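Listing of query_16.json; format and content: JSON, C-alpha atoms.
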[["chain", "number", "residue", "atom", "x", "y", "z"],
["A", 993, "MET", "CA", 26.45, 28.07, -30.78],
["A", 994, "SER", "CA", 24.61, 24.84, -30.05],
["A", 995, "ARG", "CA", 26.13, 21.50, -30.91],
["A", 996, "ARG", "CA", 24.19, 18.75, -32.61],
["A", 997, "PRO", "CA", 24.47, 15.35, -30.85],
["A", 998, "ALA", "CA", 26.85, 12.93, -32.49],
["A", 999, "GLY", "CA", 25.27, 10.91, -35.28],
["A", 1000, "SER", "CA", 24.47, 11.06, -38.94],
["A", 1001, "PRO", "CA", 22.49, 14.01, -40.29],
["A", 1002, "GLY", "CA", 18.79, 13.73, -39.58],
["A", 1003, "GLN", "CA", 19.33, 10.87, -37.13],
["A", 1004, "THR", "CA", 16.91, 10.83, -34.15],
["A", 1005, "LEU", "CA", 18.39, 9.73, -30.86],
["A", 1006, "ILE", "CA", 16.18, 7.46, -28.74],
["A", 1007, "THR", "CA", 16.67, 7.29, -25.00],
["A", 1008, "ARG", "CA", 16.68, 3.98, -23.15],
["A", 1009, "ARG", "CA", 13.45, 4.94, -21.35],
["A", 1010, "SER", "CA", 11.67, 5.78, -24.60],
["A", 1011, "PHE", "CA", 12.80, 2.47, -26.04],
["A", 1012, "LEU", "CA", 11.49, 0.51, -23.04],
["A", 1013, "LEU", "CA", 8.14, 2.28, -23.18],
["A", 1014, "ALA", "CA", 7.85, 1.46, -26.89],
["A", 1015, "ILE", "CA", 8.38, -2.29, -26.37],
["A", 1016, "PRO", "CA", 4.65, -3.17, -25.88],
["A", 1017, "ALA", "CA", 3.72, -1.28, -29.04],
["A", 1018, "LEU", "CA", 6.02, -3.63, -30.92],
["A", 1019, "GLY", "CA", 4.23, -6.67, -29.52],
["A", 1020, "LEU", "CA", 7.21, -7.59, -27.31],
["A", 1021, "SER", "CA", 7.87, -7.72, -23.58],
["A", 1022, "ALA", "CA", 11.05, -7.09, -21.67],
["A", 1023, "ALA", "CA", 11.42, -10.86, -21.40],
["A", 1024, "ALA", "CA", 12.15, -11.01, -25.14],
["A", 1025, "PHE", "CA", 15.61, -9.52, -24.63],
["A", 1026, "PRO", "CA", 18.59, -11.64, -23.65],
["A", 1027, "ARG", "CA", 19.31, -11.80, -19.94],
["A", 1028, "ARG", "CA", 22.88, -10.63, -20.52],
["A", 1029, "ILE", "CA", 21.56, -7.33, -21.86],
["A", 1030, "ARG", "CA", 19.33, -6.77, -18.83],
["A", 1031, "ALA", "CA", 22.10, -7.81, -16.46],
["A", 1032, "ALA", "CA", 24.46, -5.28, -18.02],
["A", 1033, "GLN", "CA", 22.58, -2.47, -16.31],
["A", 1034, "VAL", "CA", 24.59, -1.44, -13.27],
["A", 1035, "ALA", "CA", 23.43, -0.10, -9.94],
["A", 1036, "VAL", "CA", 22.80, 3.64, -9.90],
["A", 1037, "GLN", "CA", 21.84, 6.22, -7.29],
["A", 1038, "THR", "CA", 18.12, 6.98, -7.21],
["A", 1039, "PHE", "CA", 16.01, 9.41, -5.19],
["A", 1040, "ASN", "CA", 15.51, 6.61, -2.65],
["A", 1041, "GLY", "CA", 19.12, 5.42, -2.36],
["A", 1042, "PRO", "CA", 21.27, 2.94, -4.28],
["A", 1043, "MET", "CA", 19.26, 0.87, -6.74],
["A", 1044, "ALA", "CA", 20.06, -2.76, -7.41],
["A", 1045, "ALA", "CA", 21.02, -3.74, -10.94],
["A", 1046, "ALA", "CA", 17.92, -4.47, -12.99],
["A", 1047, "GLY", "CA", 19.24, -7.86, -14.02],
["A", 1048, "ASP", "CA", 19.45, -8.87, -10.36],
["A", 1049, "VAL", "CA", 15.89, -7.92, -9.38],
["A", 1050, "TYR", "CA", 13.73, -7.79, -12.50],
["A", 1051, "ARG", "CA", 11.89, -10.94, -13.51],
["A", 1052, "PRO", "CA", 9.55, -11.04, -16.51],
["A", 1053, "VAL", "CA", 5.87, -11.53, -15.72],
["A", 1054, "THR", "CA", 3.94, -12.95, -18.66],
["A", 1055, "LEU", "CA", 0.74, -14.91, -19.27],
["A", 1056, "PRO", "CA", -0.64, -16.38, -22.51],
["A", 1057, "PRO", "CA", -3.17, -13.93, -24.01],
["A", 1058, "ASN", "CA", -6.83, -14.83, -23.71],
["A", 1059, "ASP", "CA", -8.70, -15.96, -26.83],
["A", 1060, "GLY", "CA", -9.72, -12.92, -28.86],
["A", 1061, "ALA", "CA", -7.89, -10.79, -26.33],
["A", 1062, "LYS", "CA", -8.74, -7.11, -26.03],
["A", 1063, "PRO", "CA", -7.29, -4.62, -23.55],
["A", 1064, "SER", "CA", -8.93, -5.38, -20.21],
["A", 1065, "MET", "CA", -8.83, -1.82, -18.86],
["A", 1066, "THR", "CA", -8.26, 1.82, -19.71],
["A", 1067, "ASP", "CA", -4.93, 3.59, -19.26],
["A", 1068, "ALA", "CA", -6.25, 5.26, -16.09],
["A", 1069, "GLN", "CA", -7.32, 1.91, -14.65],
["A", 1070, "ARG", "CA", -3.92, 0.46, -15.55],
["A", 1071, "ASP", "CA", -2.20, 3.32, -13.72],
["A", 1072, "ASP", "CA", -4.36, 2.67, -10.65],
["A", 1073, "LEU", "CA", -3.35, -0.99, -10.84],
["A", 1074, "GLU", "CA", 0.33, -0.05, -10.93],
["A", 1075, "HIS", "CA", -0.16, 1.83, -7.66],
["A", 1076, "GLN", "CA", -0.75, -1.61, -6.11],
["A", 1077, "ILE", "CA", 2.51, -3.11, -7.43],
["A", 1078, "HIS", "CA", 5.76, -2.48, -5.55],
["A", 1079, "CYS", "CA", 8.73, -1.55, -7.71],
["A", 1080, "GLN", "CA", 11.61, -3.98, -7.07],
["A", 1081, "CYS", "CA", 14.49, -1.54, -7.61],
["A", 1082, "GLY", "CA", 14.95, -1.16, -3.86],
["A", 1083, "CYS", "CA", 12.77, 1.90, -3.33],
["A", 1084, "ASN", "CA", 9.54, 2.13, -1.35],
["A", 1085, "LEU", "CA", 7.46, 3.31, -4.29],
["A", 1086, "ASP", "CA", 4.85, 1.65, -6.43],
["A", 1087, "VAL", "CA", 5.57, 1.03, -10.11],
["A", 1088, "TYR", "CA", 3.57, 4.01, -11.38],
["A", 1089, "THR", "CA", 5.11, 6.52, -8.95],
["A", 1090, "CYS", "CA", 8.65, 5.22, -9.47],
["A", 1091, "ARG", "CA", 8.53, 5.27, -13.27],
["A", 1092, "THR", "CA", 7.02, 8.76, -13.38],
["A", 1093, "THR", "CA", 9.27, 10.40, -10.78],
["A", 1094, "ASP", "CA", 12.58, 8.53, -10.70],
["A", 1095, "PHE", "CA", 13.89, 8.46, -14.25],
["A", 1096, "ALA", "CA", 17.12, 6.76, -13.18],
["A", 1097, "CYS", "CA", 15.19, 3.58, -12.42],
["A", 1098, "SER", "CA", 15.23, 0.91, -15.13],
["A", 1099, "VAL", "CA", 13.17, -1.64, -13.19],
["A", 1100, "SER", "CA", 9.83, 0.20, -13.05],
["A", 1101, "PRO", "CA", 9.68, 0.74, -16.85],
["A", 1102, "ALA", "CA", 10.31, -2.99, -17.37],
["A", 1103, "MET", "CA", 7.57, -3.90, -14.86],
["A", 1104, "HIS", "CA", 5.28, -1.35, -16.50],
["A", 1105, "SER", "CA", 5.95, -3.03, -19.85],
["A", 1106, "ASP", "CA", 4.86, -6.36, -18.35],
["A", 1107, "VAL", "CA", 1.67, -4.80, -16.99],
["A", 1108, "MET", "CA", 0.83, -3.36, -20.40],
["A", 1109, "GLY", "CA", 1.45, -6.75, -22.02],
["A", 1110, "LEU", "CA", -0.91, -8.45, -19.56],
["A", 1111, "VAL", "CA", -3.55, -5.79, -20.04],
["A", 1112, "ALA", "CA", -3.28, -6.18, -23.81],
["A", 1113, "GLY", "CA", -3.67, -9.93, -23.30],
["A", 1114, "GLY", "CA", -7.11, -9.37, -21.77],
["A", 1115, "HIS", "CA", -6.19, -10.24, -18.18],
["A", 1116, "THR", "CA", -8.07, -8.70, -15.28],
["A", 1117, "ALA", "CA", -6.54, -6.71, -12.43],
["A", 1118, "SER", "CA", -6.77, -9.64, -10.02],
["A", 1119, "GLU", "CA", -5.13, -11.97, -12.57],
["A", 1120, "ILE", "CA", -2.29, -9.49, -13.13],
["A", 1121, "LEU", "CA", -1.65, -9.05, -9.41],
["A", 1122, "ALA", "CA", -1.69, -12.83, -8.97],
["A", 1123, "ALA", "CA", 0.83, -13.21, -11.82],
["A", 1124, "PHE", "CA", 3.22, -10.68, -10.23],
["A", 1125, "LYS", "CA", 2.82, -12.36, -6.83],
["A", 1126, "ALA", "CA", 3.60, -15.76, -8.37],
["A", 1127, "VAL", "CA", 6.89, -14.40, -9.79],
["A", 1128, "TYR", "CA", 8.08, -12.07, -7.01],
["A", 1129, "GLY", "CA", 6.19, -13.27, -3.94],
["A", 1130, "GLU", "CA", 3.91, -11.17, -1.75],
["A", 1131, "LYS", "CA", 6.57, -8.47, -1.39],
["A", 1132, "VAL", "CA", 5.55, -7.19, -4.83],
["A", 1133, "LEU", "CA", 2.15, -6.09, -3.48],
["A", 1134, "MET", "CA", 1.94, -2.66, -1.86],
["A", 1135, "ALA", "CA", -0.69, -4.06, 0.55],
["A", 1136, "PRO", "CA", -0.77, -7.70, 1.74],
["A", 1137, "VAL", "CA", -3.65, -9.86, 0.55],
["A", 1138, "ARG", "CA", -6.34, -10.07, 3.25],
["A", 1139, "SER", "CA", -6.44, -13.82, 3.70],
["A", 1140, "GLY", "CA", -5.19, -16.38, 6.21],
["A", 1141, "PHE", "CA", -2.77, -14.92, 8.75],
["A", 1142, "ASN", "CA", -2.85, -11.52, 7.06],
["A", 1143, "LEU", "CA", -6.64, -11.41, 7.44],
["A", 1144, "LEU", "CA", -6.22, -12.22, 11.14],
["A", 1145, "GLY", "CA", -3.80, -9.32, 11.44],
["A", 1146, "TYR", "CA", -6.40, -6.98, 9.93],
["A", 1147, "THR", "CA", -9.30, -8.16, 12.13],
["A", 1148, "VAL", "CA", -7.69, -8.71, 15.56],
["A", 1149, "PRO", "CA", -7.11, -4.98, 16.29],
["A", 1150, "PHE", "CA", -10.77, -4.20, 15.55],
["A", 1151, "ILE", "CA", -11.95, -7.12, 17.70],
["A", 1152, "ALA", "CA", -9.74, -5.92, 20.57],
["A", 1153, "LEU", "CA", -11.08, -2.36, 20.26],
["A", 1154, "GLY", "CA", -14.65, -3.63, 20.28],
["A", 1155, "ALA", "CA", -14.04, -5.78, 23.37],
["A", 1156, "GLY", "CA", -12.40, -2.86, 25.14],
["A", 1157, "ALA", "CA", -15.34, -0.60, 24.38],
["A", 1158, "VAL", "CA", -17.76, -3.16, 25.84],
["A", 1159, "VAL", "CA", -15.72, -3.45, 29.05],
["A", 1160, "VAL", "CA", -15.42, 0.33, 29.48],
["A", 1161, "THR", "CA", -19.17, 0.79, 28.93],
["A", 1162, "ALA", "CA", -20.00, -1.89, 31.54],
["A", 1163, "LEU", "CA", -17.65, -0.31, 34.10],
["A", 1164, "MET", "CA", -19.11, 3.17, 33.55],
["A", 1165, "ARG", "CA", -22.65, 1.87, 34.08],
["A", 1166, "ARG", "CA", -21.59, 0.14, 37.29],
["A", 1167, "TRP", "CA", -19.93, 3.29, 38.62],
["A", 1168, "LYS", "CA", -23.00, 5.39, 37.82],
["A", 1169, "SER", "CA", -25.28, 2.94, 39.59],
["A", 1170, "ARG", "CA", -23.11, 3.07, 42.74],
["A", 1171, "ALA", "CA", -22.79, 6.86, 42.83],
["A", 1172, "PRO", "CA", -26.34, 7.69, 44.14],
["A", 1173, "MET", "CA", -26.02, 4.95, 46.79],
["A", 1174, "ALA", "CA", -22.73, 6.39, 48.05],
["A", 1175, "ALA", "CA", -24.18, 9.92, 48.18],
["A", 1176, "THR", "CA", -27.19, 8.83, 50.27],
["A", 1177, "VAL", "CA", -26.38, 8.50, 53.99],
["A", 1178, "PRO", "CA", -29.11, 6.74, 56.02],
["A", 1179, "THR", "CA", -29.83, 9.01, 59.02],
["A", 1180, "SER", "CA", -31.44, 6.24, 61.10],
["A", 1181, "HIS", "CA", -28.04, 4.70, 61.83],
["A", 1182, "VAL", "CA", -26.09, 7.93, 62.42],
["A", 1183, "ASP", "CA", -25.40, 9.02, 65.98],
["A", 1184, "ALA", "CA", -25.56, 12.80, 65.49],
["A", 1185, "THR", "CA", -27.65, 15.75, 66.53],
["A", 1186, "GLU", "CA", -30.06, 17.48, 64.19],
["A", 1187, "GLY", "CA", -27.65, 20.39, 63.86],
["A", 1188, "GLU", "CA", -24.81, 18.08, 62.85],
["A", 1189, "LEU", "CA", -27.02, 16.32, 60.30],
["A", 1190, "ALA", "CA", -28.06, 19.69, 58.86],
["A", 1191, "ALA", "CA", -24.40, 20.74, 58.56],
["A", 1192, "LEU", "CA", -23.53, 17.42, 56.89],
["A", 1193, "ASP", "CA", -26.41, 17.82, 54.45],
["A", 1194, "ALA", "CA", -25.30, 21.34, 53.61],
["A", 1195, "ALA", "CA", -21.74, 20.15, 53.01],
["A", 1196, "VAL", "CA", -22.93, 17.37, 50.69],
["A", 1197, "ARG", "CA", -25.08, 19.82, 48.69],
["A", 1198, "LYS", "CA", -22.14, 22.23, 48.45],
["A", 1199, "ASP", "CA", -19.87, 19.48, 47.07],
["A", 1200, "ARG", "CA", -22.43, 18.71, 44.36]]
Would you kindly transcribe this structure into structure tokens?
Amino acid sequence: MSRRPAGSPGQTLITRRSFLLAIPALGLSAAAFPRRIRAAQVAVQTFNGPMAAAGDVYRPVTLPPNDGAKPSMTDAQRDDLEHQIHCQCGCNLDVYTCRTTDFACSVSPAMHSDVMGLVAGGHTASEILAAFKAVYGEKVLMAPVRSGFNLLGYTVPFIALGAGAVVVTALMRRWKSRAPMAATVPTSHVDATEGELAALDAAVRKDR
């Protein structure tokens, strides 16, 4: 005999995750809730190890909506964008992967809520990434921005490979140009009989 969850007759129980996902539909963001409520979430064990308390790592990311704001991207494009944002719960996953695979995490749904709020405010992908970077620092990006020192880190390996290829090609050409000269023995300066020269020639041809 199945038992009905505690509550009044006809009452529908709402999980914390469902509530968080419904926040944007109500025109709110996770930042609208008192910090003491967010901080009350305690550390739990996730698929990727112990997760820090949401109140210790989550920071609201908001921007004023653009004039006449309309959603700036489709749901699929928003999901692709979330693959570029690193969840701050302590795992190594992006926001989309964490919120869809690790249901014990309370940080990724809150970050997802912020993304949806920014999308609804008409902000582009680059503006949203910049807003998250301004709040969390570059660690929130799954891949570093290719500028300044980071750009140098991207380009130096390719420059080194190109230089190495040029050096190897030059050395191979030099070796090839010396090979015929080494194989040719001038007979005018060799003190040997005709028979010895014939034997030497036969040996050289055999080695080839």
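Here the question is which of A:Leu1192, A:Val1049, A:Leu1121, A:Val1127 gets nearest to A:Gly1082 using only C-alpha atoms, and that residue is A:Val1049.
Straight-line separation from atom CA of A:Leu1133 to atom CA of A:Arg1070: 15.0 Å.
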Checklist outcome for this item: A straight line from atom CA of A:Met1103 to atom CA of A:Arg1091 spans 9.4 Å
Checklist outcome for this item: From the list A:Val1099, A:Asp1086, A:Ile1077, A:Thr1116, the nearest residue to A:Ala1061 using only C-alpha atoms is A:Thr1116
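Once A:Gln1069 and its same-chain neighbours fewer than 2 positions away are set aside, Pro1063, Ser1064, Met1065, Thr1066, Asp1067, Asp1071, Asp1072, Leu1073, Glu1074, His1075, Gln1076, Tyr1088, Val1107, Met1108, Val1111, Thr1116 and Ala1117 of chain A remain within 12 Å of it when counting all atoms listed in the file.
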Item to check | Computed interatomic separation between atom CA of A:Ser1098 and atom CA of A:Cys1079 (Å) | outcome: 10.2 Å
Checklist outcome for this item: In terms of all atoms listed in the file, the residue from A:Thr1093, A:Asn1058, A:Thr1161, A:Asn1084 at minimal distance from A:Gly1113 is A:Asn1058
